[in-house]
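Engineer: Data file target-v1.cif (mmCIF, C-alpha atoms (C1' of nucleotides)) is appended below.
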data_entry
#
loop_
_atom_site.group_PDB
_atom_site.id
_atom_site.type_symbol
_atom_site.label_atom_id
_atom_site.label_comp_id
_atom_site.auth_asym_id
_atom_site.auth_seq_id
_atom_site.Cartn_x
_atom_site.Cartn_y
_atom_site.Cartn_z
ATOM 1 C CA MET A 1 -78.009 -33.375 42.584
ATOM 2 C CA PRO A 2 -77.236 -35.197 45.218
ATOM 3 C CA GLU A 3 -76.000 -38.402 43.637
ATOM 4 C CA LEU A 4 -76.690 -41.859 45.028
ATOM 5 C CA PRO A 5 -74.637 -41.500 48.240
ATOM 6 C CA GLU A 6 -76.257 -38.170 49.099
ATOM 7 C CA VAL A 7 -79.751 -39.532 48.452
ATOM 8 C CA GLU A 8 -78.964 -42.514 50.657
ATOM 9 C CA THR A 9 -77.764 -40.156 53.381
ATOM 10 C CA VAL A 10 -80.989 -38.172 53.097
ATOM 11 C CA ARG A 11 -83.014 -41.390 53.272
ATOM 12 C CA ARG A 12 -81.279 -42.383 56.483
ATOM 13 C CA GLY A 13 -81.986 -38.975 57.943
ATOM 14 C CA LEU A 14 -85.669 -39.003 57.014
ATOM 15 C CA ALA A 15 -86.537 -42.600 57.877
ATOM 16 C CA PRO A 16 -86.708 -42.105 61.668
ATOM 17 C CA VAL A 17 -89.162 -39.194 61.413
ATOM 18 C CA MET A 18 -91.261 -40.567 58.546
ATOM 19 C CA GLU A 19 -91.481 -44.349 58.677
ATOM 20 C CA GLY A 20 -94.543 -45.600 60.515
ATOM 21 C CA ARG A 21 -96.015 -42.106 60.741
ATOM 22 C CA ARG A 22 -99.096 -40.603 59.142
ATOM 23 C CA PHE A 23 -99.124 -37.578 56.859
ATOM 24 C CA GLU A 24 -101.239 -35.348 59.079
ATOM 25 C CA HIS A 25 -100.950 -32.303 56.875
ATOM 26 C CA VAL A 26 -99.469 -31.576 53.474
ATOM 27 C CA GLN A 27 -98.778 -28.032 52.308
ATOM 28 C CA LEU A 28 -97.841 -27.080 48.751
ATOM 29 C CA ASN A 29 -96.404 -23.627 48.254
ATOM 30 C CA ARG A 30 -96.604 -23.781 44.465
ATOM 31 C CA ALA A 31 -98.304 -25.901 41.819
ATOM 32 C CA ASP A 32 -95.174 -27.283 40.213
ATOM 33 C CA ILE A 33 -91.438 -27.710 40.562
ATOM 34 C CA ARG A 34 -89.821 -29.488 37.617
ATOM 35 C CA PHE A 35 -93.246 -30.941 36.810
ATOM 36 C CA PRO A 36 -96.719 -30.210 38.128
ATOM 37 C CA PHE A 37 -97.520 -31.999 41.368
ATOM 38 C CA PRO A 38 -99.840 -34.992 40.800
ATOM 39 C CA ASP A 39 -103.602 -34.485 40.758
ATOM 40 C CA ASP A 40 -105.017 -34.250 44.275
ATOM 41 C CA PHE A 41 -101.523 -34.633 45.721
ATOM 42 C CA ILE A 42 -102.599 -33.360 49.117
ATOM 43 C CA GLY A 43 -105.759 -35.447 49.328
ATOM 44 C CA ARG A 44 -103.980 -38.635 48.349
ATOM 45 C CA LEU A 45 -101.256 -38.175 50.954
ATOM 46 C CA GLN A 46 -103.107 -36.829 53.964
ATOM 47 C CA GLY A 47 -104.180 -39.633 56.270
ATOM 48 C CA ALA A 48 -101.876 -42.213 54.687
ATOM 49 C CA VAL A 49 -99.130 -43.863 56.710
ATOM 50 C CA LEU A 50 -95.623 -43.924 55.242
ATOM 51 C CA GLU A 51 -94.813 -47.575 55.764
ATOM 52 C CA ARG A 52 -91.326 -47.782 54.318
ATOM 53 C CA LEU A 53 -88.823 -45.297 52.905
ATOM 54 C CA SER A 54 -86.335 -46.842 50.505
ATOM 55 C CA ARG A 55 -84.096 -45.682 47.692
ATOM 56 C CA ARG A 56 -83.712 -46.697 44.063
ATOM 57 C CA ALA A 57 -80.834 -44.974 42.258
ATOM 58 C CA LYS A 58 -81.376 -41.272 43.071
ATOM 59 C CA PHE A 59 -85.083 -41.653 43.887
ATOM 60 C CA LEU A 60 -86.563 -41.713 47.361
ATOM 61 C CA VAL A 61 -89.388 -44.272 47.354
ATOM 62 C CA ALA A 62 -92.096 -44.016 50.019
ATOM 63 C CA GLU A 63 -94.569 -46.884 50.232
ATOM 64 C CA LEU A 64 -97.906 -45.715 51.577
ATOM 65 C CA SER A 65 -100.703 -47.509 53.437
ATOM 66 C CA SER A 66 -103.037 -46.342 50.665
ATOM 67 C CA GLY A 67 -101.267 -48.688 48.246
ATOM 68 C CA GLU A 68 -99.734 -45.810 46.347
ATOM 69 C CA THR A 69 -96.035 -44.962 46.236
ATOM 70 C CA LEU A 70 -94.605 -41.479 46.592
ATOM 71 C CA LEU A 71 -91.477 -40.919 44.492
ATOM 72 C CA MET A 72 -89.268 -37.977 45.322
ATOM 73 C CA HIS A 73 -86.291 -36.784 43.278
ATOM 74 C CA LEU A 74 -84.009 -33.976 44.459
ATOM 75 C CA GLY A 75 -82.854 -32.727 41.068
ATOM 76 C CA MET A 76 -79.727 -30.589 41.390
ATOM 77 C CA SER A 77 -80.454 -28.517 44.468
ATOM 78 C CA GLY A 78 -83.256 -30.239 46.382
ATOM 79 C CA ARG A 79 -82.877 -30.948 50.074
ATOM 80 C CA PHE A 80 -84.987 -31.824 53.062
ATOM 81 C CA VAL A 81 -84.941 -29.944 56.322
ATOM 82 C CA ILE A 82 -86.465 -31.390 59.472
ATOM 83 C CA GLU A 83 -88.027 -28.920 61.872
ATOM 84 C CA THR A 84 -90.672 -29.042 64.557
ATOM 85 C CA GLY A 85 -93.562 -26.658 65.118
ATOM 86 C CA SER A 86 -95.119 -24.804 62.237
ATOM 87 C CA TRP A 87 -94.137 -23.370 58.879
ATOM 88 C CA PRO A 88 -92.535 -20.951 58.241
ATOM 89 C CA PRO A 89 -89.900 -22.097 60.710
ATOM 90 C CA ASP A 90 -88.920 -19.454 63.220
ATOM 91 C CA SER A 91 -85.513 -20.907 63.893
ATOM 92 C CA GLY A 92 -83.931 -18.713 61.240
ATOM 93 C CA THR A 93 -81.693 -21.564 60.186
ATOM 94 C CA HIS A 94 -82.698 -21.403 56.571
ATOM 95 C CA ASN A 95 -84.399 -19.161 54.062
ATOM 96 C CA PRO A 96 -87.979 -20.368 53.432
ATOM 97 C CA LYS A 97 -88.114 -18.687 50.011
ATOM 98 C CA HIS A 98 -87.632 -22.008 48.237
ATOM 99 C CA ASP A 99 -89.604 -24.222 50.625
ATOM 100 C CA HIS A 100 -92.028 -25.844 48.183
ATOM 101 C CA VAL A 101 -93.548 -28.727 50.154
ATOM 102 C CA VAL A 102 -94.137 -29.153 53.879
ATOM 103 C CA PHE A 103 -95.158 -32.524 55.314
ATOM 104 C CA THR A 104 -96.389 -32.583 58.889
ATOM 105 C CA MET A 105 -96.037 -36.132 60.173
ATOM 106 C CA SER A 106 -97.891 -37.615 63.126
ATOM 107 C CA GLY A 107 -96.041 -37.436 66.437
ATOM 108 C CA ASP A 108 -94.790 -40.227 68.577
ATOM 109 C CA ASP A 109 -97.182 -39.828 71.527
ATOM 110 C CA LYS A 110 -94.641 -41.149 73.964
ATOM 111 C CA THR A 111 -92.115 -38.442 73.288
ATOM 112 C CA MET A 112 -93.876 -35.664 71.425
ATOM 113 C CA SER A 113 -96.648 -33.332 72.292
ATOM 114 C CA GLY A 114 -98.918 -32.141 69.506
ATOM 115 C CA LYS A 115 -96.899 -29.087 68.643
ATOM 116 C CA ASP A 116 -93.669 -31.031 68.431
ATOM 117 C CA ARG A 117 -94.630 -33.008 65.370
ATOM 118 C CA PRO A 118 -91.939 -33.278 62.750
ATOM 119 C CA LEU A 119 -92.123 -30.959 59.777
ATOM 120 C CA ILE A 120 -90.386 -32.317 56.714
ATOM 121 C CA ILE A 121 -89.628 -29.354 54.461
ATOM 122 C CA TYR A 122 -88.640 -29.818 50.810
ATOM 123 C CA ASN A 123 -86.472 -26.871 49.718
ATOM 124 C CA ASP A 124 -85.204 -26.592 46.145
ATOM 125 C CA PRO A 125 -83.908 -23.266 44.741
ATOM 126 C CA ARG A 126 -83.499 -24.472 41.155
ATOM 127 C CA ARG A 127 -86.690 -26.538 41.136
ATOM 128 C CA PHE A 128 -85.259 -29.403 39.099
ATOM 129 C CA GLY A 129 -86.604 -31.892 41.621
ATOM 130 C CA PHE A 130 -90.009 -33.527 41.333
ATOM 131 C CA MET A 131 -92.533 -35.742 43.105
ATOM 132 C CA GLU A 132 -94.795 -38.424 41.643
ATOM 133 C CA LEU A 133 -97.556 -40.587 43.082
ATOM 134 C CA LEU A 134 -97.710 -44.072 41.606
ATOM 135 C CA LYS A 135 -100.423 -46.698 41.609
ATOM 136 C CA ALA A 136 -99.370 -50.261 42.410
ATOM 137 C CA GLY A 137 -97.218 -51.701 39.641
ATOM 138 C CA ASP A 138 -96.449 -48.341 38.052
ATOM 139 C CA LYS A 139 -92.751 -47.445 38.047
ATOM 140 C CA GLY A 140 -93.224 -43.945 36.688
ATOM 141 C CA ARG A 141 -89.908 -42.290 35.936
ATOM 142 C CA MET A 142 -88.055 -45.254 37.410
ATOM 143 C CA ALA A 143 -89.198 -47.487 34.557
ATOM 144 C CA GLU A 144 -86.021 -47.303 32.504
ATOM 145 C CA LEU A 145 -83.454 -47.553 35.271
ATOM 146 C CA GLY A 146 -80.524 -49.926 34.898
ATOM 147 C CA PRO A 147 -78.988 -52.030 37.673
ATOM 148 C CA GLU A 148 -78.462 -50.670 41.161
ATOM 149 C CA PRO A 149 -74.678 -50.277 41.359
ATOM 150 C CA LEU A 150 -74.221 -51.604 44.899
ATOM 151 C CA SER A 151 -76.321 -54.708 44.271
ATOM 152 C CA ASN A 152 -75.286 -58.067 42.884
ATOM 153 C CA SER A 153 -77.156 -57.271 39.702
ATOM 154 C CA PHE A 154 -74.276 -54.963 38.760
ATOM 155 C CA SER A 155 -70.885 -56.507 37.962
ATOM 156 C CA GLY A 156 -68.003 -56.435 35.501
ATOM 157 C CA PRO A 157 -69.689 -58.780 33.021
ATOM 158 C CA VAL A 158 -72.988 -56.884 33.266
ATOM 159 C CA LEU A 159 -71.197 -53.607 32.587
ATOM 160 C CA HIS A 160 -69.209 -55.097 29.734
ATOM 161 C CA ALA A 161 -72.376 -56.384 28.086
ATOM 162 C CA ALA A 162 -74.077 -53.015 28.433
ATOM 163 C CA LEU A 163 -71.133 -51.136 26.921
ATOM 164 C CA ARG A 164 -70.548 -53.502 24.054
ATOM 165 C CA ALA A 165 -72.832 -51.770 21.606
ATOM 166 C CA LYS A 166 -72.210 -48.243 22.825
ATOM 167 C CA LYS A 167 -70.012 -45.887 20.891
ATOM 168 C CA ALA A 168 -70.345 -42.915 23.208
ATOM 169 C CA PRO A 169 -67.463 -41.995 25.516
ATOM 170 C CA ILE A 170 -67.457 -43.992 28.744
ATOM 171 C CA LYS A 171 -68.110 -40.763 30.646
ATOM 172 C CA SER A 172 -71.474 -40.357 28.914
ATOM 173 C CA ALA A 173 -72.349 -44.021 29.225
ATOM 174 C CA LEU A 174 -71.866 -44.021 32.998
ATOM 175 C CA LEU A 175 -74.113 -40.977 33.327
ATOM 176 C CA ASP A 176 -76.805 -42.855 31.380
ATOM 177 C CA GLN A 177 -79.115 -44.156 34.104
ATOM 178 C CA ARG A 178 -80.133 -47.090 31.868
ATOM 179 C CA ILE A 179 -76.576 -48.497 31.952
ATOM 180 C CA VAL A 180 -76.124 -48.164 35.708
ATOM 181 C CA ALA A 181 -78.479 -46.179 37.920
ATOM 182 C CA GLY A 182 -77.359 -43.645 40.479
ATOM 183 C CA LEU A 183 -74.061 -42.222 39.289
ATOM 184 C CA GLY A 184 -73.697 -38.526 38.576
ATOM 185 C CA ASN A 185 -70.914 -36.271 37.393
ATOM 186 C CA ILE A 186 -68.791 -36.449 40.547
ATOM 187 C CA TYR A 187 -68.717 -40.179 41.098
ATOM 188 C CA VAL A 188 -68.272 -40.974 37.415
ATOM 189 C CA CYS A 189 -65.120 -38.836 37.423
ATOM 190 C CA GLU A 190 -63.910 -40.409 40.643
ATOM 191 C CA ALA A 191 -64.593 -43.987 39.562
ATOM 192 C CA LEU A 192 -62.889 -43.532 36.174
ATOM 193 C CA TYR A 193 -59.845 -42.143 37.943
ATOM 194 C CA GLY A 194 -59.763 -45.131 40.272
ATOM 195 C CA ALA A 195 -59.958 -47.527 37.339
ATOM 196 C CA HIS A 196 -57.268 -45.619 35.360
ATOM 197 C CA ILE A 197 -59.651 -45.179 32.439
ATOM 198 C CA SER A 198 -59.879 -41.942 30.472
ATOM 199 C CA PRO A 199 -63.348 -40.366 30.273
ATOM 200 C CA LEU A 200 -62.694 -40.016 26.537
ATOM 201 C CA ARG A 201 -62.444 -43.763 25.891
ATOM 202 C CA LEU A 202 -65.219 -45.067 23.703
ATOM 203 C CA SER A 203 -67.471 -47.433 25.627
ATOM 204 C CA ASN A 204 -67.166 -50.368 23.254
ATOM 205 C CA THR A 205 -63.367 -50.403 23.560
ATOM 206 C CA LEU A 206 -63.334 -51.362 27.254
ATOM 207 C CA SER A 207 -62.007 -54.864 27.861
ATOM 208 C CA GLU A 208 -63.621 -57.360 30.215
ATOM 209 C CA ASP A 209 -60.835 -56.735 32.705
ATOM 210 C CA GLU A 210 -61.310 -52.999 32.546
ATOM 211 C CA CYS A 211 -65.046 -53.425 33.142
ATOM 212 C CA GLU A 212 -64.248 -55.603 36.139
ATOM 213 C CA PHE A 213 -61.993 -52.913 37.601
ATOM 214 C CA LEU A 214 -64.427 -50.166 36.749
ATOM 215 C CA SER A 215 -67.461 -51.859 38.272
ATOM 216 C CA ALA A 216 -65.453 -52.632 41.414
ATOM 217 C CA ASP A 217 -64.321 -49.041 41.616
ATOM 218 C CA ILE A 218 -67.850 -47.719 41.165
ATOM 219 C CA LYS A 219 -68.981 -49.859 44.083
ATOM 220 C CA SER A 220 -66.116 -48.877 46.355
ATOM 221 C CA THR A 221 -66.373 -45.171 45.519
ATOM 222 C CA LEU A 222 -70.094 -45.114 46.292
ATOM 223 C CA ALA A 223 -69.750 -47.229 49.428
ATOM 224 C CA LEU A 224 -67.027 -44.973 50.797
ATOM 225 C CA ALA A 225 -69.108 -41.874 50.104
ATOM 226 C CA ILE A 226 -72.157 -43.346 51.852
ATOM 227 C CA GLU A 227 -69.997 -44.269 54.814
ATOM 228 C CA ALA A 228 -68.790 -40.665 54.932
ATOM 229 C CA GLY A 229 -72.370 -39.399 54.959
ATOM 230 C CA GLY A 230 -72.457 -38.140 51.410
ATOM 231 C CA SER A 231 -70.450 -35.313 49.952
ATOM 232 C CA THR A 232 -71.046 -31.783 51.054
ATOM 233 C CA LEU A 233 -71.618 -29.481 48.140
ATOM 234 C CA LYS A 234 -72.956 -26.003 47.944
ATOM 235 C CA ASP A 235 -76.574 -27.060 47.892
ATOM 236 C CA PHE A 236 -76.415 -30.234 49.880
ATOM 237 C CA ALA A 237 -76.527 -30.880 53.565
ATOM 238 C CA ALA A 238 -77.670 -33.965 55.370
ATOM 239 C CA VAL A 239 -81.245 -33.560 56.534
ATOM 240 C CA ASP A 240 -80.186 -32.745 60.067
ATOM 241 C CA GLY A 241 -77.837 -30.052 58.819
ATOM 242 C CA ALA A 242 -74.733 -32.040 59.682
ATOM 243 C CA LEU A 243 -72.042 -31.627 57.083
ATOM 244 C CA GLY A 244 -70.579 -34.569 55.261
ATOM 245 C CA TYR A 245 -66.918 -34.581 54.560
ATOM 246 C CA PHE A 246 -66.390 -36.682 51.476
ATOM 247 C CA GLN A 247 -65.604 -33.505 49.560
ATOM 248 C CA HIS A 248 -62.205 -33.540 51.156
ATOM 249 C CA ARG A 249 -61.554 -36.849 49.502
ATOM 250 C CA PHE A 250 -62.286 -35.942 45.889
ATOM 251 C CA LYS A 251 -59.279 -37.103 43.941
ATOM 252 C CA VAL A 252 -60.101 -35.414 40.643
ATOM 253 C CA TYR A 253 -63.551 -33.770 40.730
ATOM 254 C CA ASP A 254 -63.139 -29.981 40.921
ATOM 255 C CA GLN A 255 -59.352 -30.437 41.257
ATOM 256 C CA LYS A 256 -58.302 -28.785 37.978
ATOM 257 C CA GLY A 257 -54.641 -27.782 38.008
ATOM 258 C CA LYS A 258 -53.780 -29.842 41.080
ATOM 259 C CA ALA A 259 -51.209 -32.609 41.053
ATOM 260 C CA CYS A 260 -52.450 -36.127 40.410
ATOM 261 C CA PRO A 261 -52.987 -37.708 43.852
ATOM 262 C CA ASP A 262 -50.753 -40.600 42.787
ATOM 263 C CA LYS A 263 -47.289 -39.384 43.806
ATOM 264 C CA HIS A 264 -45.611 -41.656 41.292
ATOM 265 C CA CYS A 265 -47.653 -40.270 38.398
ATOM 266 C CA GLY A 266 -46.551 -36.650 38.247
ATOM 267 C CA GLY A 267 -49.542 -35.643 36.097
ATOM 268 C CA THR A 268 -51.894 -32.706 36.558
ATOM 269 C CA ILE A 269 -55.683 -32.844 36.720
ATOM 270 C CA SER A 270 -57.391 -31.398 33.645
ATOM 271 C CA ARG A 271 -60.918 -30.244 33.067
ATOM 272 C CA ILE A 272 -62.565 -30.885 29.717
ATOM 273 C CA LYS A 273 -66.129 -30.555 28.457
ATOM 274 C CA GLN A 274 -68.031 -33.640 27.363
ATOM 275 C CA SER A 275 -71.671 -33.338 26.302
ATOM 276 C CA GLY A 276 -71.743 -29.934 27.924
ATOM 277 C CA ARG A 277 -70.507 -31.142 31.307
ATOM 278 C CA SER A 278 -67.148 -30.954 33.021
ATOM 279 C CA SER A 279 -64.956 -34.037 33.217
ATOM 280 C CA PHE A 280 -61.938 -34.021 35.511
ATOM 281 C CA TYR A 281 -59.142 -36.507 34.942
ATOM 282 C CA CYS A 282 -55.405 -37.129 34.816
ATOM 283 C CA ASP A 283 -54.236 -37.746 31.266
ATOM 284 C CA MET A 284 -51.018 -39.303 32.549
ATOM 285 C CA CYS A 285 -52.544 -42.232 34.405
ATOM 286 C CA GLN A 286 -56.020 -42.515 32.835
ATOM 287 C CA LYS A 287 -55.818 -44.136 29.404
ATOM 288 C "C1'" DA B 1 -81.754 -45.292 17.246
ATOM 289 C "C1'" DG B 2 -78.147 -43.167 19.594
ATOM 290 C "C1'" DG B 3 -76.008 -39.269 20.859
ATOM 291 C "C1'" DG B 4 -75.285 -34.275 21.352
ATOM 292 C "C1'" DG B 5 -77.006 -29.888 22.556
ATOM 293 C "C1'" DG B 6 -80.288 -26.992 24.605
ATOM 294 C "C1'" DA B 7 -83.852 -26.174 28.061
ATOM 295 C "C1'" DC B 8 -85.438 -25.949 32.572
ATOM 296 C "C1'" DC B 9 -84.137 -22.588 37.152
ATOM 297 C "C1'" DT B 10 -81.583 -19.866 40.852
ATOM 298 C "C1'" DG B 11 -77.460 -18.846 43.163
ATOM 299 C "C1'" DT B 12 -72.563 -18.011 43.579
ATOM 300 C "C1'" DG B 13 -68.073 -16.651 42.470
ATOM 301 C "C1'" DC B 14 -65.016 -14.562 39.558
ATOM 302 C "C1'" DG B 15 -62.822 -10.955 36.506
ATOM 303 C "C1'" DC B 16 -63.133 -6.405 34.986
ATOM 304 C "C1'" DT C 1 -69.322 -1.801 44.658
ATOM 305 C "C1'" DG C 2 -71.481 -3.394 40.622
ATOM 306 C "C1'" DC C 3 -72.131 -5.803 36.451
ATOM 307 C "C1'" DG C 4 -71.926 -9.633 33.379
ATOM 308 C "C1'" DC C 5 -70.562 -14.040 32.492
ATOM 309 C "C1'" DA C 6 -69.468 -18.899 33.521
ATOM 310 C "C1'" DC C 7 -70.675 -22.560 36.027
ATOM 311 C "C1'" DA C 8 -73.214 -25.902 39.303
ATOM 312 C "C1'" DG C 9 -74.878 -32.386 41.818
ATOM 313 C "C1'" DG C 10 -79.962 -33.991 36.843
ATOM 314 C "C1'" DT C 11 -83.108 -35.151 33.595
ATOM 315 C "C1'" DC C 12 -86.067 -34.470 29.532
ATOM 316 C "C1'" DC C 13 -86.916 -33.236 24.812
ATOM 317 C "C1'" DC C 14 -85.789 -32.230 20.216
ATOM 318 C "C1'" DC C 15 -83.169 -32.744 16.269
ATOM 319 C "C1'" DC C 16 -79.452 -34.691 13.472
#
Please rewrite the model in this file as structure tokens.
Structural biologist:
Amino acid sequence: MPELPEVETVRRGLAPVMEGRRFEHVQLNRADIRFPFPDDFIGRLQGAVLERLSRRAKFLVAELSSGETLLMHLGMSGRFVIETGSWPPDSGTHNPKHDHVVFTMSGDDKTMSGKDRPLIIYNDPRRFGFMELLKAGDKGRMAELGPEPLSNSFSGPVLHAALRAKKAPIKSALLDQRIVAGLGNIYVCEALYGAHISPLRLSNTLSEDECEFLSADIKSTLALAIEAGGSTLKDFAAVDGALGYFQHRFKVYDQKGKACPDKHCGGTISRIKQSGRSSFYCDMCQK
DNA sequence: AGGGGGACCTGTGCGC
DNA sequence: TGCGCACAGGTCCCCC
């Protein structure tokens, strides 16, 4: 999926065409993606105003005037495309085969005529994404999330405390959304490289200092990626189709066989499997 | 109870 | 060119 920086980039792209607008029409092209859509999904959305679009970890969180909250998760290959007019889009800019949800938002009367209302199209070839509608106070699938990495609730001491009782490799622990919420495979690899920590290290062996470095590196890696507009991967594009460019800055992710970016190191980036997923690292400078 | 592996899907890129 | 396999950003569920 889109990891935290990509979801934040999507949020920033969607906010101007969704916040303060009413769901005039909701179209579902199938009954389920990863999970079935909520009961009466269309009826509960149509007519409601999307008051605020925020983000928690990798979830998009839309607060509605009805009092309910729409959660949207992009899974591995979900993306949003903004169009105007009617579905299917006639622009030919994308294949509508995997368009699963189409939101037609109310127009801004000052600048848009009726037929120019924004269409927000959810496209997801692998269908690992999902949407939930929550009543007030219900956190749904966000219930177990750990601290938001860019907030003050996440720090070296907080990380150290969370890792203390964990025996799993640090790579697995950082992917565990209960430890810290929003990291995925790419940014875990990148942050561990920055902190000079091997993905193979067992979580409970990290010192307080190492946790301080690691938490700082997680924050800086994510902040830099958000600033760059999210990474561009095969299945990800910013909602307006603009390409991000953080991919050109990956130091280790998908860099197997390349020289360690640290000129003084002289190591080579390896790829190993951990819990069925690829880890990229330099065994010369990550210990 | 924590942790590892498989499942859920489609698409792409590679080697033969 | 075509086929088959490996692999892909995430999460959930089952089993040890």
Engineer: Using all atoms listed in the file, which chain C residues lie at most 12 Å away from chain A, written as a list in words?
Structural biologist: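 Result, ordered by chain then number: DC7, DA8, DG9, DG10, DT11 and DC12 of chain C.
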Engineer: Go through the shown structure with the PyMOL selection byres ((chain A) within 9 of (chain B)) and write out the matching residues as number ranges by chain.
Structural biologist: A: 34, 125-128, 166-168, 275-276
Engineer: Atoms to include: C-alpha atoms. Write the selected residues as a PDB file, keeping the file's coordinate frame.
Structural biologist:
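Result file is selection.pdb:
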ATOM      1  CA  ARG A  34     -89.821 -29.488  37.617  1.00  0.00           C
ATOM      2  CA  PRO A 125     -83.908 -23.266  44.741  1.00  0.00           C
ATOM      3  CA  ARG A 126     -83.499 -24.472  41.155  1.00  0.00           C
ATOM      4  CA  ARG A 127     -86.690 -26.538  41.136  1.00  0.00           C
ATOM      5  CA  PHE A 128     -85.259 -29.403  39.099  1.00  0.00           C
ATOM      6  CA  LYS A 166     -72.210 -48.243  22.825  1.00  0.00           C
ATOM      7  CA  LYS A 167     -70.012 -45.887  20.891  1.00  0.00           C
ATOM      8  CA  ALA A 168     -70.345 -42.915  23.208  1.00  0.00           C
ATOM      9  CA  SER A 275     -71.671 -33.338  26.302  1.00  0.00           C
ATOM     10  CA  GLY A 276     -71.743 -29.934  27.924  1.00  0.00           C
TER      11      GLY A 276
END
Engineer: Could you tell me, as a list in words, which residues have any atom at most 12 Å from (-101.5, -31.1, 43.4), counting only C-alpha atoms (C1' of nucleotides)?
Structural biologist: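 The answer, in the requested form, is Val26, Gln27, Leu28, Asn29, Arg30, Ala31, Asp32, Ile33, Phe35, Pro36, Phe37, Pro38, Asp39, Asp40, Phe41, Ile42, Gly43, Arg44, Leu45, His100, Val101, Phe130, Met131, Glu132 and Leu133 of chain A.
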Engineer: Any idea what the distance is between CA of Ile272 (chain A) and CA of Phe154 (chain A)?
Structural biologist: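 CA of Phe154 (chain A) lies 28.3 Å from CA of Ile272 (chain A).
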Engineer: Please indicate the distance in Å from CA of His25 (chain A) to CA of Gln46 (chain A), rounded to one decimal place.
Structural biologist: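 One can read the CA of His25 (chain A) to CA of Gln46 (chain A) distance as 5.8 Å.
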Engineer: Rounded to one decimal, what separation in Å do you get between CA of Leu134 (chain A) and CA of Asp99 (chain A)?
Structural biologist: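 Atom-to-atom, CA of Leu134 (chain A) to CA of Asp99 (chain A), that is 23.3 Å.
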Engineer: Grab all the atoms of region 8-12 of chain C that the file lists, wrap them in a box along x, y and z, add 6 Å per side, and give me centre plus edge lengths in Å (one decimal) as AutoDock Vina command-line options.
Structural biologist:
--center_x -79.6 --center_y -30.5 --center_z 35.7 --size_x 24.9 --size_y 21.2 --size_z 24.3
Engineer: Excluding same-chain residues fewer than 5 positions from Ala173 (chain A), what lies within 10 Å of it counting only C-alpha atoms (C1' of nucleotides), as a list of chain:residue names?
Structural biologist: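 Contacts, with the query itself left out: A:Ala162, A:Leu163, A:Lys166, A:Lys167, A:Ala168, A:Arg178, A:Ile179, A:Val180, A:Val188, A:Pro199, A:Leu202, A:Ser203.
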